[in-house]
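Below you'll find the structure, written out as structure tokens, and then a few comments.
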Amino acid sequence: MALERSDVEKIAHLARLGLNEADLPRTTDALNSILGLVDLMQAVDTTGIEPLAHPLEASQRLRADIVTERNNREAYQAIAPAVENGLYLVPKVIE
Amino acid sequence: MHQLTLAEIARGLADKKFSSEELTRVLLARIAQLDPQLNSFISVTEELAIAQARAADARRAAGETGALLGAPLAHKDLFCTQGVRTSCGSKMLDNFKAPYDATVVARLAAAGAVSLGKTNMDEFAMGSANESSYYGAVKNPWNLEHVPGGSSGGSAAAVAARLLPAATGTDTGGSIRQPAALTNLTGLKPTYGRVSRWGMIAYASSLDQGGPLARTAEDCALLLQGMAGFDPQDSTSIDEPVPDYSALLNGSIEGLRIGLPKEYFGAGLDPRIAELIHQSVKELEKLGAVIKEISLPNMQHAIPAYYVIAPAEASSNLSRFDGVRFGYRCENPKDLTDLYERSRAEGFGAEVQRRIMVGAYALSAGYYDAYYLQAQKIRRLIKNDFMAAFNDVDVILGPTTPNPAWKIGAKNNDPVAAYLEDVYTITANLAGLPGLSMPAGFVEGLPVGVQLLAPYFQEGRLLNVAHRYQQVTDWHTRAPAGF
Amino acid sequence: MQWEVVIGLEIHTQLATQSKIFSGSATTFGSEPNTQASLVDLGMPGVLPVLNQEAVRMAVMFGLAIDAEIGQHNVFARKNYFYPDLPKGYQISQMELPIVGKGHLDITLEDGTVKRIGVTRAHLEEDAGKSLHEDFSGSTGIDLNRAGTPLLEIVSEPDMRSAKEAVAYVKAIHALVRYLGICDGNMAEGSLRCDCNVSVRPKGQAEFGTRCEIKNVNSFRFIERAINSEVQRQIELIEDGGKVIQQTRLYDPNKDETRAMRSKEEANDYRYFPDPDLLPVVIENSFLDATRATLPELPPQKRERFQAQFGLSAYDASVLASSREQADYFEKVVSISGDAKLAANWVMVELGSLLNKLGLEIDQAPVSAELLGGMLLRIRDNTISGKIAKMVFEAMAAGEGTADQIIETRGLKQVTDSGAIEKVLDEVLAANAEQVEQYRAADEAKRGKMFGFFVGQAMKASKGKANPQQVNELLKSKLEG
């Protein structure tokens with residue numbers, strides 16, 4: 001199933017990628033060629049096969065409930081684009 | 001001095017033939033002189049390297065020993081290094097000085113290794129040619145018009161050009177083995193969970209694995225020893241003892257059963273490469289290995305499955321790059337959506353954006369079962385193929401790549417063409433198996449690699465076979481002209 | 001048209017762990033912004049989550065307490081969406097295989113009937129940070145201290161039919177998580193938050209109406225009011241010929257109305273998939289057994305025991321068992337005083353109204369269980385009357401010491417010496433000779449009323465200290481005489 005321009009716009013917004021009008025046709029073509037490759041997979045009969053999420057199929061290790069972290073705000077915020085009074089700043093959000 | 005392998009450096013330092021600082025200065029000078037041709041480094045951390053070298057020399061003077069004490073290395077630029085730019089080959093992280101060290105970086109530093117800098121790579125490890133880096137393409141020292149492979153192309157080019165003896169890399173679909181093959185190196189992708197992923201910026205979490213790139217299996221053993229081991233900070237790290245890899249190198253391979261999957265020798269493989277692979281098989285037979293033909297019937301489905309799973313995980317992993325807490329932020333965002341959409345569109349390159357979109361699509365409502373779930377089922381089929389094969393053989397052998405290194409720019413207009421170059425390597429990532437590529441000869445002056453795959457946690461077996469092979473062949477000792 | 005209200009609730013409870021669900025940061029409330037935000041909480045490149053075992057244990061405890069199936073193979077998934085207080089661009093949650101499956105909880109309604117509410121599931125997830133909208137040069141400020149705090153999201157079936165039922169259910173969950181010690185229940189600090197799914201349908205109709213979700217309602221009172229105002233809005237909308245649109249709304253307590261949330265306007269596609277950084281959580285039977293062994297007595301069992309052991313009414317038992325602190329307080333008073341009914345009465349009535357007046361919780365009560373129990377002993381051995389006891393209780397609340405000390409210093413000891421009482425009575429009768437005459441001339445019916453007058457005078461004359469029973473008896477014989 002080929003993606004239309006509007007599908008690509010929708011996906012781009014879902015992924016928060018601002019698409020350039022001029023790039024849209026090229027992006028659409030590229031995505032369709034990748035999906036064409038991927039779609040070869042649809043012919044494989046996987047009836048009764050359990051999906052495999054992790055190669056080793058181990059189980060989750062649990063951590064003891066201990067506080068190990070100390071305040072490191074200054075160092076972490078030194079690489080932030082915009083902070084004020086210890087808060088990260090973003091354009092005003094309306095709930 | 002730049003010709004020395006890690007093992008030779010270890011002996012030289014132990015015998016006080018030279019100091020780590022002397023060696024480090026030689027290599028730094030060589031990088032300054034030659035890297036402009038290759039573009040293999042994103043950052044050269046000269047002062048830090050000298051300081052680490054001096055510290056290593058002091059430790060040795062105080063009586064400490066260790067194969068990596070004072071050994072010069074470099075890290076692929078997706079391993080976080082505290083206070084040093086960790087760019088992932090992306091404009092998004094061009095200004096990102098990591099606030100912490102990756103476990104691999106910390107372990108190697110603790111062992112006394114000297115980091116010369118951070119190597120170039122495909123942006124966010126997405127690529128097989130090292131052409132998608134924000135810092136420009138890396139050139140193959142064997143032919144500067146050709147790609148070195150990717151995504152660990154900077155590490156590969158630098159080691160192949162003798163700018164340093166070994167470097168770290170990561171392998172999500174072949175990103176250690178494929179550049180190793182294209183630059184005449186030995187590269188090892190360990191079992192998933194063998195090397196900690198803490199601080200290794202994720203591309204596809206269930207496939208990514210760090211490993212060594214060096215000129216010999218012996219050196220890979222030394223470097224892997226410093227990288228491998230359980231890490232409580234990585235839930236997918238496996239708590240298995242790490243064997244002494246160097247001690248396993250010389251074991252006999254008499255009677256070792258080597259499987260040749262017929263699917264690895266079908267259409268698409270350059271016949272000249274096929275010929276070289278068969279020659280390497282003959283060498284191994286001379287060493288006592290027993291050859292069997294096997295079948296991995298689902299191999300052909302690996303690429304489609306991989307190009308669902310990896311982008312799906314990536315689309316989620318790369319959501320944290322939003323211009324809020326670190327990394328690139330667009331100028332004057334007019335609202336929140338603008339902040340996100342422009343920071344990400346301006347910060348990520350085209351290939352990264354394509355994979356994010358493919359992944360978001362594969363996970364989106366209505367498509368999840370057909371894409372993501374189907375890919376995970378194929379993943380099990382591929383694993384099952386390997387499990388069945390390893391009932392009959394100890395090691396699987398085939399080509400690492402279907403073609404030698406292509407010309408820079410040759411596949412730029414068609415992303416899918418480059419994807420197909422991963423055909424032999426990605427199955428090991430999907431199944432989580434260890435894999436190694438080693439030099440097997442040349443086609444038109446460009447290196448060719450032979451790939452070995454083994455059951456889980458049998459890195460020692462791979463290194464053993466490769467080392468024995470390298471005792472009787474000299475492909476791995478050849479250096480590119482001009483380097 | 002008769003309308004039926006259908007309510008389902010999603011309750012987010014912050015688990016009372018020391019550290020966060022996937023990192024070693026503290027979970028303390030109210031710290032300076034971003035001082036409890038580690039590399040993992042900030043979603044820095046390269047970081048990885050490791051699951052806190054205590055969060056798992058607490059979730060399992062909850063599951064056992066509501067008789068639920070425990071997901072012995074449960075899986076964390078990523079819920080993908082962009083929001084500034086969600087640092088990774090995804091929330092680690094559980095989707096297909098939650099840690100707690102189907103269970104149920106019984107609630108007691110005001111008329112004493114018990115209703116069973118189905119719990120669909122409960123799953124572990126990480127909390128988000130906070131967006132602060134006060135003016136930071138026209139920006140929103142993000143504090144990620146809360147990001148990564150463990151949450152157990154408890155999803156109910158749409159089993160509730162009124163706002164009152166919904167509140168009763170939230171109170172029952174609130175009591176339960178506090179009983180289990182897995183959540184401090186502090187709603188003002190957001191430790192327990194509620195999303196209410198509300199729809200209406202014509203009575204008798206089988207299918208549900210279109211629902212709206214009211215996000216983040218954070219007090220019992222507001223839950224009731226938010227639901228009622230939303231129900232009213234939906235009914236009015238439909239009756240005016242409109243249609244309810246499925247949407248997320250916010251409740252504004254000042255205006256007592258709900259409004260659509262702007263940030264949730266677009267339909268979300270969360271692209272859930274198993275988190276590749278985490279492995280499936282396997283819960284062994286041995287772990288289940290060990291956790292089951294640590295379960296405290298829960299409200300329903302406690303209620304039944306209070307009725308059986310102490311002979312309390314169903315109502316009293318359910319009130320006293322409604323919180324662990326209150327039940328513990330009550331039982332301590334019983335053990336000291338040896339009189340459960342007296343203890344129940346004092347805890348529910350006098351202590352209850354005192355706490356109400358002061359706006360305090362029972363664990364902050366100014367009169368300890370020891371003090372109250374000690375005072376009840378003095379009622380039981382006739383040292384003081386019930387009336388004097390109220391005085392003593394007030395004095396204890398004011399910090400004047402134990403009941404015995406107060407009785408002693410204020411001279412409140414009840415007079416039981418019949419000679420002394422007779423003396424008082426004689427004086428009262430002598431001072432009211434006219435009334436005595438009238439009493440003796442009156443018929444039975446009138447006498448009853450007049451008798452109270454003499455009792456009152458006698459108690460007044462004894463400053464309330466005369467034993468009321470003795471006063472009654474002696475007075476009767478004297479008047480008859």
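Naming scheme: A, B, ... for chains in displayed order of the structure tokens; residues 1 onward per chain; ligands 1 onward as shown.
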For chain B, list the residues within 6 Å of chain A, counting only C-alpha atoms, and write the list as a PyMOL selection string. chain B and resi 304+325-326+335-336+340-342+344-345+376-377+380+431-432
File dump, residues just selected, C-alpha atoms, as a CSV table (one decimal), in the first residue's frame:
```csv
chain,number,residue,atom,x,y,z
B,304,PRO,CA,12.4,-6.4,5.6
B,325,ARG,CA,16.8,19.6,27.9
B,326,PHE,CA,19.9,19.2,25.6
B,335,ASP,CA,4.9,27.6,20.0
B,336,LEU,CA,5.6,24.2,21.4
B,340,TYR,CA,9.5,20.3,18.3
B,341,GLU,CA,9.0,20.2,14.6
B,342,ARG,CA,11.7,22.6,13.6
B,344,ARG,CA,13.9,17.9,14.9
B,345,ALA,CA,13.6,18.7,11.2
B,376,GLN,CA,9.0,-9.8,15.5
B,377,LYS,CA,7.6,-13.2,14.4
B,380,ARG,CA,11.8,-15.7,15.9
B,431,ALA,CA,19.0,-13.3,16.7
B,432,GLY,CA,21.4,-11.6,19.1
```
Find the residues of chain C in contact range of chain B, meaning any atom within 12 Å when counting only C-alpha atoms, and list them as a ChimeraX atom specification. /C:22-24,34,37-52,77-92,138-144,263,267-281
Can you list, as a ChimeraX atom specification, every residue of stretch 351-426 of chain B that DSSP puts in strand (DSSP E)? /B:395-399
Those same residues, written as a PDB file, in the first residue's frame with N, CA and C atoms?
```pdb
ATOM      1  N   VAL B 395      30.329 -23.251  14.167  1.00  0.00           N
ATOM      2  CA  VAL B 395      30.494 -21.890  13.660  1.00  0.00           C
ATOM      3  C   VAL B 395      29.847 -21.845  12.279  1.00  0.00           C
ATOM      4  N   ILE B 396      29.253 -20.691  11.962  1.00  0.00           N
ATOM      5  CA  ILE B 396      28.702 -20.505  10.622  1.00  0.00           C
ATOM      6  C   ILE B 396      29.597 -19.516   9.896  1.00  0.00           C
ATOM      7  N   LEU B 397      29.894 -19.786   8.640  1.00  0.00           N
ATOM      8  CA  LEU B 397      30.820 -18.931   7.893  1.00  0.00           C
ATOM      9  C   LEU B 397      30.203 -18.493   6.572  1.00  0.00           C
ATOM     10  N   GLY B 398      30.455 -17.240   6.220  1.00  0.00           N
ATOM     11  CA  GLY B 398      29.990 -16.729   4.930  1.00  0.00           C
ATOM     12  C   GLY B 398      30.647 -15.390   4.665  1.00  0.00           C
ATOM     13  N   PRO B 399      30.265 -14.755   3.574  1.00  0.00           N
ATOM     14  CA  PRO B 399      30.795 -13.413   3.304  1.00  0.00           C
ATOM     15  C   PRO B 399      30.206 -12.420   4.304  1.00  0.00           C
TER      16      PRO B 399
END
```
What parts of stretch 72-241 of chain B does DSSP call helix (DSSP H, G or I)? I'd like the answer as an MDAnalysis selection string. chainID B and resid 91:93 103:110 123:125 153:160 177:182 217:227
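The space between atom CA of C:Ile107 and atom CA of C:Leu298 spans 12.9 Å.
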Between C:Val5, C:Glu126, C:Thr28, C:Thr13, which is the closest to chain A once you count only C-alpha atoms? C:Thr28
